[in-house]
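Pasting data.txt here (compact mmCIF, C-alpha atoms):
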```
# COMPACT_ATOMS: atom_id res chain seq x y z
CA MET R 682 87.26 99.11 129.41
CA GLU R 683 86.37 96.28 127.04
CA GLN R 684 83.06 97.99 126.22
CA ILE R 685 84.83 101.29 125.57
CA VAL R 686 87.31 99.64 123.19
CA LYS R 687 84.42 97.89 121.38
CA TRP R 688 82.52 101.17 121.07
CA LEU R 689 85.58 102.94 119.63
CA VAL R 690 86.16 100.19 117.07
CA ASP R 691 82.48 100.20 116.06
CA THR R 692 82.46 103.99 115.76
CA ILE R 693 85.53 104.12 113.50
CA SER R 694 84.07 101.27 111.44
CA VAL R 695 80.86 103.27 110.86
CA PHE R 696 82.65 106.54 109.99
CA GLY R 697 85.16 104.81 107.71
CA TYR R 698 88.04 106.63 106.03
CA PRO R 699 86.32 110.05 105.86
CA GLY R 700 85.69 109.77 109.59
CA ILE R 701 89.38 109.10 110.22
CA PHE R 702 90.30 112.20 108.20
CA ALA R 703 87.74 114.42 109.95
CA LEU R 704 88.53 113.19 113.47
CA MET R 705 92.29 113.50 112.96
CA ALA R 706 91.80 117.03 111.60
CA LEU R 707 89.95 117.87 114.82
CA GLU R 708 92.67 116.21 116.92
CA SER R 709 95.38 118.16 115.12
CA SER R 710 93.66 121.50 115.55
CA CYS R 711 92.74 123.04 118.89
CA PHE R 712 90.28 120.40 120.07
CA PRO R 713 91.55 118.08 122.85
CA PHE R 714 90.72 114.85 121.05
CA PRO R 715 93.25 112.01 121.47
CA SER R 716 94.54 110.41 118.27
CA GLU R 717 94.96 107.06 120.06
CA VAL R 718 91.18 106.52 120.11
CA ILE R 719 91.06 106.94 116.33
CA MET R 720 94.12 105.29 114.84
CA ILE R 721 94.50 102.26 117.13
CA PRO R 722 90.94 101.08 116.36
CA ALA R 723 91.66 101.73 112.66
CA GLY R 724 94.68 99.41 112.92
CA TYR R 725 92.51 96.83 114.65
CA LEU R 726 89.94 97.04 111.84
CA ALA R 727 92.75 96.59 109.29
CA TYR R 728 93.72 93.40 111.10
CA GLN R 729 90.09 92.27 110.86
CA GLY R 730 90.06 92.97 107.13
CA GLU R 731 87.43 95.71 107.42
CA MET R 732 89.92 98.44 106.49
CA SER R 733 93.24 98.70 104.68
CA LEU R 734 96.34 100.07 106.37
CA ALA R 735 97.47 102.36 103.53
CA PRO R 736 94.19 104.32 103.11
CA ALA R 737 93.78 104.54 106.90
CA PHE R 738 97.33 105.90 107.20
CA LEU R 739 96.84 108.44 104.40
CA CYS R 740 93.53 109.64 105.81
CA GLY R 741 95.02 109.99 109.29
CA LEU R 742 98.04 111.81 107.90
CA GLY R 743 95.91 114.06 105.69
CA GLY R 744 93.64 114.95 108.60
CA SER R 745 96.60 115.73 110.85
CA VAL R 746 98.18 118.05 108.29
CA ALA R 747 94.82 119.71 107.55
CA GLY R 748 94.26 120.44 111.25
CA ALA R 749 97.80 121.78 111.57
CA ILE R 750 97.28 124.07 108.56
CA PHE R 751 94.08 125.36 110.16
CA ASN R 752 96.04 126.30 113.30
CA TYR R 753 98.83 127.85 111.23
CA TYR R 754 96.45 130.21 109.43
CA LEU R 755 94.44 130.82 112.58
CA ALA R 756 97.59 132.20 114.21
CA LEU R 757 98.35 134.31 111.13
CA TRP R 758 94.83 135.72 111.08
CA LEU R 759 94.29 136.36 114.79
CA GLY R 760 97.81 137.35 115.83
CA ARG R 761 99.60 136.83 119.14
CA PRO R 762 97.71 139.40 121.34
CA VAL R 763 94.32 137.90 120.45
CA LEU R 764 95.51 134.32 121.02
CA LEU R 765 97.00 135.21 124.40
CA ARG R 766 93.83 136.96 125.52
CA TYR R 767 91.09 134.77 124.07
CA GLY R 768 92.84 131.49 123.28
CA LYS R 769 91.57 129.85 126.46
CA TYR R 770 88.06 129.91 125.01
CA PHE R 771 89.29 127.79 122.09
CA PHE R 772 91.28 125.20 124.07
CA VAL R 773 94.51 127.24 123.75
CA PRO R 774 95.40 128.37 127.30
CA LYS R 775 98.00 131.10 127.62
CA LYS R 776 100.43 128.84 129.51
CA LYS R 777 100.49 126.22 126.75
CA LEU R 778 100.81 128.82 124.00
CA LEU R 779 103.81 130.40 125.74
CA LYS R 780 105.32 126.93 126.23
CA GLY R 781 104.88 126.20 122.53
CA GLU R 782 106.47 129.54 121.60
CA GLU R 783 109.46 128.88 123.84
CA PHE R 784 109.93 125.42 122.35
CA PHE R 785 109.73 126.88 118.84
CA ARG R 786 112.32 129.56 119.70
CA GLN R 787 114.72 126.99 121.13
CA HIS R 788 114.38 124.33 118.44
CA GLY R 789 113.35 126.31 115.37
CA GLU R 790 111.45 124.82 112.47
CA VAL R 791 112.40 121.24 113.34
CA GLY R 792 110.28 121.76 116.48
CA THR R 793 107.18 121.42 114.31
CA PHE R 794 108.39 117.89 113.57
CA THR R 795 109.39 116.78 117.07
CA CYS R 796 106.32 118.28 118.73
CA ARG R 797 103.98 116.13 116.67
CA LEU R 798 105.15 113.30 118.95
CA ILE R 799 104.78 115.09 122.28
CA PRO R 800 101.34 114.89 123.96
CA GLY R 801 99.95 118.22 125.08
CA ILE R 802 102.03 120.27 122.63
CA ARG R 803 101.30 118.28 119.47
CA GLN R 804 98.22 120.31 118.57
CA LEU R 805 99.63 123.69 119.60
CA ILE R 806 103.03 123.87 117.90
CA SER R 807 101.39 125.01 114.65
CA LEU R 808 100.35 128.26 116.33
CA PRO R 809 103.87 129.60 117.06
CA ALA R 810 104.90 128.38 113.60
CA GLY R 811 102.13 130.51 112.13
CA LEU R 812 102.99 133.49 114.34
CA ALA R 813 106.62 133.21 113.20
CA ARG R 814 105.46 132.97 109.55
CA MET R 815 107.43 129.78 109.05
CA ASN R 816 107.92 128.82 105.41
CA PHE R 817 104.67 127.08 104.50
CA LEU R 818 106.24 124.27 102.46
CA ARG R 819 108.76 123.46 105.20
CA PHE R 820 105.96 123.63 107.76
CA ASN R 821 103.97 121.01 105.86
CA ILE R 822 107.00 118.77 105.34
CA PHE R 823 108.02 118.76 109.01
CA THR R 824 104.42 118.41 110.17
CA GLY R 825 103.80 115.54 107.75
CA LEU R 826 106.95 113.70 108.85
CA GLY R 827 106.09 113.92 112.54
CA ALA R 828 102.42 113.10 112.05
CA GLY R 829 103.32 110.22 109.73
CA ILE R 830 105.51 108.56 112.35
CA TRP R 831 102.76 108.95 114.95
CA MET R 832 100.08 107.53 112.62
CA ALA R 833 102.28 104.55 111.73
CA VAL R 834 102.98 103.71 115.39
CA LEU R 835 99.31 103.85 116.40
CA LEU R 836 98.17 101.80 113.41
CA TRP R 837 100.90 99.25 114.12
CA ILE R 838 99.74 98.87 117.72
CA GLY R 839 96.13 98.26 116.65
CA TYR R 840 97.13 95.87 113.86
CA VAL R 841 99.69 93.79 115.76
CA CYS R 842 97.56 93.44 118.87
CA GLY R 843 94.65 92.24 116.72
CA GLN R 844 91.89 90.68 118.74
CA GLN R 845 93.92 90.71 121.94
CA GLN R 846 92.33 93.77 123.53
CA GLU R 847 94.35 93.26 126.69
CA LEU R 848 97.50 93.93 124.67
CA ILE R 849 95.96 97.08 123.22
CA LYS R 850 95.27 98.36 126.74
CA ARG R 851 98.72 97.34 127.93
CA TYR R 852 100.80 98.75 125.09
CA SER R 853 98.89 101.80 123.83
CA HIS R 854 100.71 104.03 126.36
CA LEU R 855 104.01 102.93 124.80
CA ALA R 856 103.17 104.68 121.53
CA THR R 857 104.74 107.94 122.67
CA TYR R 858 107.99 106.24 123.71
CA ILE R 859 108.24 104.29 120.46
CA ALA R 860 107.64 107.41 118.41
CA LEU R 861 110.09 109.49 120.45
CA GLY R 862 112.74 106.82 120.00
CA GLY R 863 112.32 107.08 116.25
CA VAL R 864 112.41 110.85 116.28
CA ILE R 865 115.65 110.91 118.27
CA VAL R 866 117.33 108.92 115.52
CA ILE R 867 115.95 111.29 112.87
CA ILE R 868 117.05 114.39 114.80
CA VAL R 869 120.58 113.01 115.16
CA VAL R 870 120.70 112.47 111.39
CA TYR R 871 119.24 115.94 110.81
CA VAL R 872 121.85 117.66 113.02
CA TRP R 873 124.66 115.61 111.47
CA TRP R 874 123.50 116.49 107.96
CA ASN R 875 123.22 120.23 108.72
CA GLY R 876 126.69 120.21 110.33
CA ARG R 877 128.11 118.50 107.30
CA ARG R 878 126.58 121.07 104.94
CA ARG R 879 128.17 123.93 106.88
CA VAL R 880 131.65 122.42 106.64
```
The structure in this file should be written as structure tokens.
Amino acid sequence: MEQIVKWLVDTISVFGYPGIFALMALESSCFPFPSEVIMIPAGYLAYQGEMSLAPAFLCGLGGSVAGAIFNYYLALWLGRPVLLRYGKYFFVPKKKLLKGEEFFRQHGEVGTFTCRLIPGIRQLISLPAGLARMNFLRFNIFTGLGAGIWMAVLLWIGYVCGQQQELIKRYSHLATYIALGGVIVIIVVYVWWNGRRRV
């Protein structure tokens, strides 16, 4: 495990900020590439002084939104029948697409925000948003908010743990729970605000 962590840190160090953008764009599209192996090492490198937190965050956020936009337009271009039939060849199995559609129907546009923090659906929620022709500006805002929280949590883990790789291994799985805790607070505020506007 120590060698794997070292390899990940060295790889991100070589690719630099453009690498973070490109890898996060892949992670946010249809490719099953975990963001934890990108952003946590970036936070670690920021602790070491080899990177800065702000550019790493912006590159990660930009890549995430770019990958989500790719999925959004992919869904618009291909359409639902094609995705259901051939999606499995592009890492979009029918079961997950239907699950994403159901989530989007139940939770609406805010689902594009909350799903950015849920492993397994994070990359796919942009597809039902595209199929539903969600307002593009609102899509980008909700996607950016969710992805931004996720980027911040992962960078924080890498930065705070610093050289203590044992802590990185121990606490990296807590990223989802930390992010979900934050999103619950935001959703409560969102629901309260919408209810207040309707009164």
message: Give me the residues near Leu707 of chain R as a PyMOL selection string, where near means some atom within 10 Å (using only C-alpha atoms) and where sequence neighbours in that chain fewer than 5 positions away do not count.
response: chain R and resi 701-702+712-716+744-745+747-749+751+804
- request: Write out as a list of chain:residue names the residues lying within 9 Å of Phe823 of chain R, counting all atoms listed in the file and excluding same-chain residues fewer than 3 positions away.
  value: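 What passes the distance filter is R:Glu790, R:Val791, R:Gly792, R:Thr793, R:Phe794, R:Thr795, R:Leu818, R:Arg819, R:Phe820, R:Leu826, R:Gly827, R:Ala828.
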- line: One residue among R:Gly743, R:Met832, R:Asn821, R:Trp758 is nearest to Ile719 of chain R when using all atoms listed in the file, and that residue is R:Met832
- prompt: Nearest to Cys842 of chain R: which of R:Ala813, R:Leu726, R:Ile693, R:Leu742 is it, counting all atoms listed in the file?
  reply: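 That would be R:Leu726, the residue with the smallest distance to Cys842 of chain R.
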field: Which residue of R:Tyr754, R:Leu836, R:Glu782, R:Val841 approaches Glu717 of chain R most closely, using only C-alpha atoms
entry: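 Ranking R:Tyr754, R:Leu836, R:Glu782, R:Val841 by distance to Glu717 of chain R, first place goes to R:Leu836.
Closest approach to Ile822 of chain R among R:Val746, R:Thr692, R:Gly741, R:Met720 is made by R:Val746 (distances from all atoms listed in the file).
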field: Nearest residue to Gly697 of chain R from the set R:Cys796, R:Leu755, R:Ala737, R:Leu778 (distances using only C-alpha atoms)
entry: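 Of R:Cys796, R:Leu755, R:Ala737, R:Leu778, the one nearest Gly697 of chain R is R:Ala737, counting only C-alpha atoms.
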- prompt: Quick one: residues within 9 Å of Arg814 of chain R, all atoms listed in the file counted, chain neighbours fewer than 5 positions away excluded, as a list in words?
  reply: Tyr753, Leu757 and Pro809 of chain R
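Near Met732 of chain R, within 9 Å and counting all atoms listed in the file, sit Ser694, Gly697, Tyr698, Ala723, Gly724, Tyr725 and Leu726 of chain R, not including residues fewer than 6 positions from it in the same chain.
Taking atom CA of Val763 of chain R as the reference point, atom CA of Lys775 of chain R is found at 10.5 Å.
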- prompt: What is the atom CA of Leu704 of chain R-atom CA of Glu783 of chain R distance in Å, reported with one decimal?
  reply: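 Between atom CA of Leu704 of chain R and atom CA of Glu783 of chain R the gap works out to 28.1 Å.
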query: To one decimal place, how far is atom CA of Tyr840 of chain R from atom CA of Pro722 of chain R in Å?
result: 8.5 Å
